[in-house]
Amino acid sequence: DTAVSQTPKYLVTQMGNDKSIKCEQNLGHDTMYWYKQDSKKFLKIMFSYNNKELIINETVPNRFSPKSPDKAHLNLHINSLELGDSAVYFCASSTPPTDTQYFGPGTRLTVL
Amino acid sequence: GIQVEQSPPDLILQEGANSTLRCNFSDSVNNLQWFHQNPWGQLINLFYIPSGTKQNGRLSATTVATERYSLLYISSSQTTDSGVYFCAVERGFGNEKLTFGTGTRLTIIP
């Protein structure tokens, strides 16, 4: 019974391609997030959705487009992939009052 | 934005030793969480602790909000404790985000 799941786990692609990462949570949480972890392990939030509504949009290139079809799913589509997009992307979810965050297993994206 | 500093950046200990990891933050917070990222990359939430002290088995955490720091204690370390420990904070003024520290890499040697 995976709480937060992501697919795929690994993604290797060429520069210029478009790719998507999917996330699903079965915890009944209202809020979902996308984080990027770079090669130095630094974790930074990219987007946050609450009940399908975008509430946080950090300074992320508009090649990145999140989509939340319902509150249990948050997908990330990336257009025109660049070398600098190589990283591990984590999905997470949380719910009030503590907003304790639960992370998915991560998707390691490698752009060649 | 808020700054989060963790120390030490790296820590190597023998199995059975105790350790203390520190997180300093630059502003008042109403949310502080500790995470463990294991060597396989999985991020596990250890504590939600904006203030006070909590214990969970061999792990405990204390946050002194007025002095803007938090400590994570690991007693009787095991090799499975290896990984990177992150502190993350949020100020909580509506639609805020968790800001992560740079982490402490802990290596436990058998």
# chains A, B, ... in the order shown; residues from 1 in each chain; ligands from 1

call {"tool": "interface_residues", "arguments": {"of": "chain A", "to": "chain B", "cutoff": "9 Å", "atoms": "only C-alpha atoms", "output": "mmCIF file with N, CA, C and O atoms, in the first residue's frame"}}
result
data_model
loop_
_atom_site.group_PDB
_atom_site.id
_atom_site.type_symbol
_atom_site.label_atom_id
_atom_site.label_comp_id
_atom_site.auth_asym_id
_atom_site.auth_seq_id
_atom_site.Cartn_x
_atom_site.Cartn_y
_atom_site.Cartn_z
ATOM 1 N N LYS A 40 23.853 18.146 -5.679
ATOM 2 C CA LYS A 40 24.426 18.382 -4.353
ATOM 3 C C LYS A 40 23.412 18.095 -3.244
ATOM 4 O O LYS A 40 23.622 18.462 -2.092
ATOM 5 N N LYS A 41 22.331 17.445 -3.597
ATOM 6 C CA LYS A 41 21.312 17.011 -2.643
ATOM 7 C C LYS A 41 20.434 18.162 -2.133
ATOM 8 O O LYS A 41 19.675 17.965 -1.186
ATOM 9 N N PHE A 42 20.560 19.349 -2.729
ATOM 10 C CA PHE A 42 19.737 20.462 -2.274
ATOM 11 C C PHE A 42 18.306 20.296 -2.776
ATOM 12 O O PHE A 42 18.074 20.097 -3.969
ATOM 13 N N LEU A 43 17.343 20.378 -1.836
ATOM 14 C CA LEU A 43 15.922 20.185 -2.148
ATOM 15 C C LEU A 43 15.226 21.529 -2.237
ATOM 16 O O LEU A 43 15.281 22.322 -1.296
ATOM 17 N N LYS A 44 14.512 21.746 -3.351
ATOM 18 C CA LYS A 44 13.818 23.026 -3.505
ATOM 19 C C LYS A 44 12.419 22.771 -4.050
ATOM 20 O O LYS A 44 12.245 21.981 -4.975
ATOM 21 N N ILE A 45 11.451 23.468 -3.476
ATOM 22 C CA ILE A 45 10.084 23.300 -3.943
ATOM 23 C C ILE A 45 9.919 23.947 -5.312
ATOM 24 O O ILE A 45 10.541 24.980 -5.606
ATOM 25 N N SER A 48 3.131 23.776 -5.680
ATOM 26 C CA SER A 48 2.250 23.184 -4.699
ATOM 27 C C SER A 48 0.816 23.369 -5.169
ATOM 28 O O SER A 48 0.445 24.444 -5.653
ATOM 29 N N ILE A 55 -1.128 26.796 -5.711
ATOM 30 C CA ILE A 55 -0.954 27.796 -4.662
ATOM 31 C C ILE A 55 0.488 28.266 -4.526
ATOM 32 O O ILE A 55 0.738 29.336 -4.001
ATOM 33 N N ILE A 56 1.438 27.480 -4.948
ATOM 34 C CA ILE A 56 2.833 27.906 -4.939
ATOM 35 C C ILE A 56 3.432 27.600 -6.304
ATOM 36 O O ILE A 56 3.318 26.492 -6.802
ATOM 37 N N THR A 98 -0.747 19.807 10.727
ATOM 38 C CA THR A 98 0.707 19.905 10.835
ATOM 39 C C THR A 98 1.389 20.077 9.482
ATOM 40 O O THR A 98 2.541 20.509 9.416
ATOM 41 N N ASP A 99 0.691 19.713 8.388
ATOM 42 C CA ASP A 99 1.327 19.712 7.074
ATOM 43 C C ASP A 99 2.590 18.869 7.043
ATOM 44 O O ASP A 99 3.556 19.186 6.346
ATOM 45 N N THR A 100 2.600 17.794 7.838
ATOM 46 C CA THR A 100 3.696 16.830 7.755
ATOM 47 C C THR A 100 3.745 16.284 6.343
ATOM 48 O O THR A 100 2.725 15.851 5.805
ATOM 49 N N GLN A 101 4.942 16.333 5.741
ATOM 50 C CA GLN A 101 5.037 15.970 4.328
ATOM 51 C C GLN A 101 5.497 14.530 4.163
ATOM 52 O O GLN A 101 6.433 14.074 4.814
ATOM 53 N N TYR A 102 4.823 13.838 3.235
ATOM 54 C CA TYR A 102 5.154 12.463 2.888
ATOM 55 C C TYR A 102 5.627 12.450 1.446
ATOM 56 O O TYR A 102 4.915 12.923 0.555
ATOM 57 N N PHE A 103 6.817 11.901 1.231
ATOM 58 C CA PHE A 103 7.445 11.950 -0.078
ATOM 59 C C PHE A 103 7.288 10.647 -0.844
ATOM 60 O O PHE A 103 7.272 9.558 -0.267
ATOM 61 N N GLY A 104 7.199 10.785 -2.169
ATOM 62 C CA GLY A 104 7.282 9.639 -3.052
ATOM 63 C C GLY A 104 8.721 9.175 -3.182
ATOM 64 O O GLY A 104 9.633 9.810 -2.640
ATOM 65 N N PRO A 105 8.967 8.115 -3.931
ATOM 66 C CA PRO A 105 10.304 7.535 -4.041
ATOM 67 C C PRO A 105 11.253 8.327 -4.936
ATOM 68 O O PRO A 105 12.444 8.050 -4.958
ATOM 69 N N GLY A 106 10.719 9.291 -5.678
ATOM 70 C CA GLY A 106 11.570 10.096 -6.554
ATOM 71 C C GLY A 106 11.649 9.543 -7.965
ATOM 72 O O GLY A 106 11.487 8.338 -8.196
#

call {"tool": "residues_around", "arguments": {"residues": "Thr7 (chain A)", "least_positions_apart": "3", "cutoff": "8 Å", "atoms": "only C-alpha atoms", "output": "compact mmCIF listing (two decimals) with N, CA and C atoms, in the first residue's frame"}}
result
# COMPACT_ATOMS: atom_id res chain seq x y z
N ILE A 21 6.09 13.14 -15.70
CA ILE A 21 6.22 12.32 -14.50
C ILE A 21 4.86 12.34 -13.80
N LYS A 22 4.44 11.16 -13.34
CA LYS A 22 3.12 11.09 -12.69
C LYS A 22 3.26 10.82 -11.20
N CYS A 23 2.34 11.36 -10.43
CA CYS A 23 2.34 11.17 -8.99
C CYS A 23 0.93 10.91 -8.51
N THR A 107 11.89 10.45 -8.91
CA THR A 107 12.14 10.09 -10.31
C THR A 107 13.46 10.70 -10.71

call {"tool": "residues_around", "arguments": {"residues": "Gly84 (chain A)", "least_positions_apart": "2", "cutoff": "12 Å", "atoms": "only C-alpha atoms", "output": "PDB file with N, CA and C atoms, in the first residue's frame"}}
result
ATOM      1  N   MET A  15      18.137  15.771 -25.010  1.00  0.00           N
ATOM      2  CA  MET A  15      17.821  17.206 -24.968  1.00  0.00           C
ATOM      3  C   MET A  15      16.759  17.522 -26.002  1.00  0.00           C
ATOM      4  N   GLY A  16      15.842  18.396 -25.642  1.00  0.00           N
ATOM      5  CA  GLY A  16      14.823  18.849 -26.569  1.00  0.00           C
ATOM      6  C   GLY A  16      13.537  18.043 -26.519  1.00  0.00           C
ATOM      7  N   LYS A  36      12.525  19.556  -6.529  1.00  0.00           N
ATOM      8  CA  LYS A  36      13.678  19.171  -7.336  1.00  0.00           C
ATOM      9  C   LYS A  36      14.883  19.032  -6.409  1.00  0.00           C
ATOM     10  N   GLN A  37      15.590  17.891  -6.520  1.00  0.00           N
ATOM     11  CA  GLN A  37      16.817  17.710  -5.741  1.00  0.00           C
ATOM     12  C   GLN A  37      17.992  17.652  -6.719  1.00  0.00           C
ATOM     13  N   ASP A  38      18.920  18.602  -6.574  1.00  0.00           N
ATOM     14  CA  ASP A  38      20.031  18.658  -7.505  1.00  0.00           C
ATOM     15  C   ASP A  38      21.148  17.692  -7.101  1.00  0.00           C
ATOM     16  N   SER A  39      22.234  17.741  -7.847  1.00  0.00           N
ATOM     17  CA  SER A  39      23.324  16.781  -7.631  1.00  0.00           C
ATOM     18  C   SER A  39      24.008  16.969  -6.279  1.00  0.00           C
ATOM     19  N   PRO A  61      11.158  27.669 -14.802  1.00  0.00           N
ATOM     20  CA  PRO A  61      10.909  27.980 -16.226  1.00  0.00           C
ATOM     21  C   PRO A  61       9.538  27.490 -16.661  1.00  0.00           C
ATOM     22  N   SER A  80      10.828  20.583 -23.957  1.00  0.00           N
ATOM     23  CA  SER A  80      12.158  21.010 -24.439  1.00  0.00           C
ATOM     24  C   SER A  80      13.234  20.817 -23.377  1.00  0.00           C
ATOM     25  N   LEU A  81      13.414  19.587 -22.949  1.00  0.00           N
ATOM     26  CA  LEU A  81      14.330  19.274 -21.862  1.00  0.00           C
ATOM     27  C   LEU A  81      15.738  19.766 -22.132  1.00  0.00           C
ATOM     28  N   GLU A  82      16.375  20.280 -21.068  1.00  0.00           N
ATOM     29  CA  GLU A  82      17.744  20.787 -21.127  1.00  0.00           C
ATOM     30  C   GLU A  82      18.631  19.972 -20.190  1.00  0.00           C
ATOM     31  N   SER A  86      18.451  17.758 -15.465  1.00  0.00           N
ATOM     32  CA  SER A  86      18.828  16.485 -14.852  1.00  0.00           C
ATOM     33  C   SER A  86      18.842  16.647 -13.341  1.00  0.00           C
ATOM     34  N   ALA A  87      18.096  15.793 -12.662  1.00  0.00           N
ATOM     35  CA  ALA A  87      17.936  15.900 -11.206  1.00  0.00           C
ATOM     36  C   ALA A  87      17.021  14.771 -10.763  1.00  0.00           C
ATOM     37  N   VAL A  88      16.782  14.710  -9.457  1.00  0.00           N
ATOM     38  CA  VAL A  88      15.754  13.812  -8.933  1.00  0.00           C
ATOM     39  C   VAL A  88      14.545  14.668  -8.581  1.00  0.00           C
ATOM     40  N   LEU A 109      15.765  11.899 -13.326  1.00  0.00           N
ATOM     41  CA  LEU A 109      15.723  12.323 -14.729  1.00  0.00           C
ATOM     42  C   LEU A 109      17.146  12.628 -15.195  1.00  0.00           C
ATOM     43  N   THR A 110      17.536  11.991 -16.272  1.00  0.00           N
ATOM     44  CA  THR A 110      18.852  12.243 -16.878  1.00  0.00           C
ATOM     45  C   THR A 110      18.628  12.718 -18.301  1.00  0.00           C
ATOM     46  N   VAL A 111      19.138  13.917 -18.595  1.00  0.00           N
ATOM     47  CA  VAL A 111      19.009  14.485 -19.941  1.00  0.00           C
ATOM     48  C   VAL A 111      20.373  14.416 -20.615  1.00  0.00           C
ATOM     49  N   LEU A 112      20.420  13.748 -21.749  1.00  0.00           N
ATOM     50  CA  LEU A 112      21.706  13.553 -22.451  1.00  0.00           C
ATOM     51  C   LEU A 112      21.865  14.542 -23.594  1.00  0.00           C
TER      52      LEU A 112
END

call {"tool": "atom_distance", "arguments": {"atom1": "CA of Gly92 (chain B)", "atom2": "CA of Ser93 (chain A)"}}
result
16.9 Å

call {"tool": "decode", "arguments": {"residues": "region 52-89 of chain A", "atoms": "N, CA and C atoms", "output": "CSV table (one decimal), in the first residue's frame"}}
result
chain,number,residue,atom,x,y,z
A,52,LYS,N,-6.5,20.7,-6.2
A,52,LYS,CA,-6.4,20.9,-7.6
A,52,LYS,C,-6.1,22.4,-8.0
A,53,GLU,N,-5.9,23.2,-7.0
A,53,GLU,CA,-5.6,24.6,-7.3
A,53,GLU,C,-4.1,25.0,-7.0
A,54,LEU,N,-3.5,25.6,-8.0
A,54,LEU,CA,-2.1,26.0,-7.8
A,54,LEU,C,-1.9,27.1,-6.8
A,55,ILE,N,-1.1,26.8,-5.7
A,55,ILE,CA,-1.0,27.8,-4.7
A,55,ILE,C,0.5,28.3,-4.5
A,56,ILE,N,1.4,27.5,-4.9
A,56,ILE,CA,2.8,27.9,-4.9
A,56,ILE,C,3.4,27.6,-6.3
A,57,ASN,N,4.1,28.6,-6.9
A,57,ASN,CA,4.8,28.5,-8.1
A,57,ASN,C,6.1,29.2,-8.0
A,58,GLU,N,7.1,28.4,-7.7
A,58,GLU,CA,8.4,29.1,-7.5
A,58,GLU,C,9.0,29.5,-8.8
A,59,THR,N,10.1,30.1,-8.8
A,59,THR,CA,10.7,30.6,-10.0
A,59,THR,C,11.2,29.5,-10.9
A,60,VAL,N,10.2,28.9,-11.6
A,60,VAL,CA,10.5,27.7,-12.4
A,60,VAL,C,10.3,28.1,-13.9
A,61,PRO,N,11.2,27.7,-14.8
A,61,PRO,CA,10.9,28.0,-16.2
A,61,PRO,C,9.5,27.5,-16.7
A,62,ASN,N,8.9,28.2,-17.6
A,62,ASN,CA,7.6,27.8,-18.0
A,62,ASN,C,7.6,26.6,-18.9
A,63,ARG,N,8.7,26.0,-19.1
A,63,ARG,CA,8.8,24.7,-19.7
A,63,ARG,C,8.2,23.6,-18.8
A,64,PHE,N,8.1,23.9,-17.5
A,64,PHE,CA,7.6,23.0,-16.5
A,64,PHE,C,6.1,23.3,-16.3
A,65,SER,N,5.2,22.3,-16.5
A,65,SER,CA,3.8,22.6,-16.3
A,65,SER,C,3.2,21.5,-15.5
A,66,PRO,N,2.8,21.8,-14.3
A,66,PRO,CA,2.1,20.8,-13.4
A,66,PRO,C,0.6,20.8,-13.8
A,67,LYS,N,0.1,19.6,-13.6
A,67,LYS,CA,-1.4,19.4,-13.8
A,67,LYS,C,-1.9,18.5,-12.7
A,68,SER,N,-3.1,19.0,-12.1
A,68,SER,CA,-3.7,18.2,-11.1
A,68,SER,C,-5.1,17.8,-11.5
A,69,PRO,N,-5.3,16.6,-12.1
A,69,PRO,CA,-6.7,16.3,-12.5
A,69,PRO,C,-7.7,16.1,-11.4
A,70,ASP,N,-7.2,15.7,-10.2
A,70,ASP,CA,-8.0,15.6,-9.0
A,70,ASP,C,-7.0,15.7,-7.8
A,71,LYS,N,-7.5,15.7,-6.6
A,71,LYS,CA,-6.6,16.0,-5.5
A,71,LYS,C,-5.7,14.9,-5.1
A,72,ALA,N,-5.9,13.7,-5.7
A,72,ALA,CA,-5.0,12.6,-5.5
A,72,ALA,C,-3.9,12.4,-6.5
A,73,HIS,N,-3.9,13.3,-7.5
A,73,HIS,CA,-2.9,13.2,-8.6
A,73,HIS,C,-2.3,14.5,-8.9
A,74,LEU,N,-1.0,14.5,-9.1
A,74,LEU,CA,-0.3,15.7,-9.5
A,74,LEU,C,0.8,15.3,-10.5
A,75,ASN,N,0.7,15.7,-11.8
A,75,ASN,CA,1.6,15.3,-12.8
A,75,ASN,C,2.5,16.5,-13.1
A,76,LEU,N,3.7,16.2,-13.7
A,76,LEU,CA,4.6,17.2,-14.1
A,76,LEU,C,5.1,17.0,-15.5
A,77,HIS,N,4.8,17.9,-16.4
A,77,HIS,CA,5.2,17.8,-17.8
A,77,HIS,C,6.3,18.8,-18.0
A,78,ILE,N,7.3,18.3,-18.7
A,78,ILE,CA,8.5,19.2,-19.0
A,78,ILE,C,8.7,19.2,-20.5
A,79,ASN,N,8.7,20.4,-21.1
A,79,ASN,CA,8.9,20.6,-22.5
A,79,ASN,C,10.4,20.9,-22.8
A,80,SER,N,10.8,20.6,-24.0
A,80,SER,CA,12.2,21.0,-24.4
A,80,SER,C,13.2,20.8,-23.4
A,81,LEU,N,13.4,19.6,-22.9
A,81,LEU,CA,14.3,19.3,-21.9
A,81,LEU,C,15.7,19.8,-22.1
A,82,GLU,N,16.4,20.3,-21.1
A,82,GLU,CA,17.7,20.8,-21.1
A,82,GLU,C,18.6,20.0,-20.2
A,83,LEU,N,20.0,20.1,-20.4
A,83,LEU,CA,20.9,19.3,-19.6
A,83,LEU,C,20.7,19.7,-18.1
A,84,GLY,N,20.4,20.9,-17.8
A,84,GLY,CA,20.3,21.4,-16.4
A,84,GLY,C,19.1,20.9,-15.7
A,85,ASP,N,18.2,20.2,-16.5
A,85,ASP,CA,17.0,19.6,-15.9
A,85,ASP,C,17.3,18.3,-15.2
A,86,SER,N,18.5,17.8,-15.5
A,86,SER,CA,18.8,16.5,-14.9
A,86,SER,C,18.8,16.6,-13.3
A,87,ALA,N,18.1,15.8,-12.7
A,87,ALA,CA,17.9,15.9,-11.2
A,87,ALA,C,17.0,14.8,-10.8
A,88,VAL,N,16.8,14.7,-9.5
A,88,VAL,CA,15.8,13.8,-8.9
A,88,VAL,C,14.5,14.7,-8.6
A,89,TYR,N,13.4,14.3,-9.1
A,89,TYR,CA,12.2,15.0,-8.8
A,89,TYR,C,11.3,14.2,-7.9
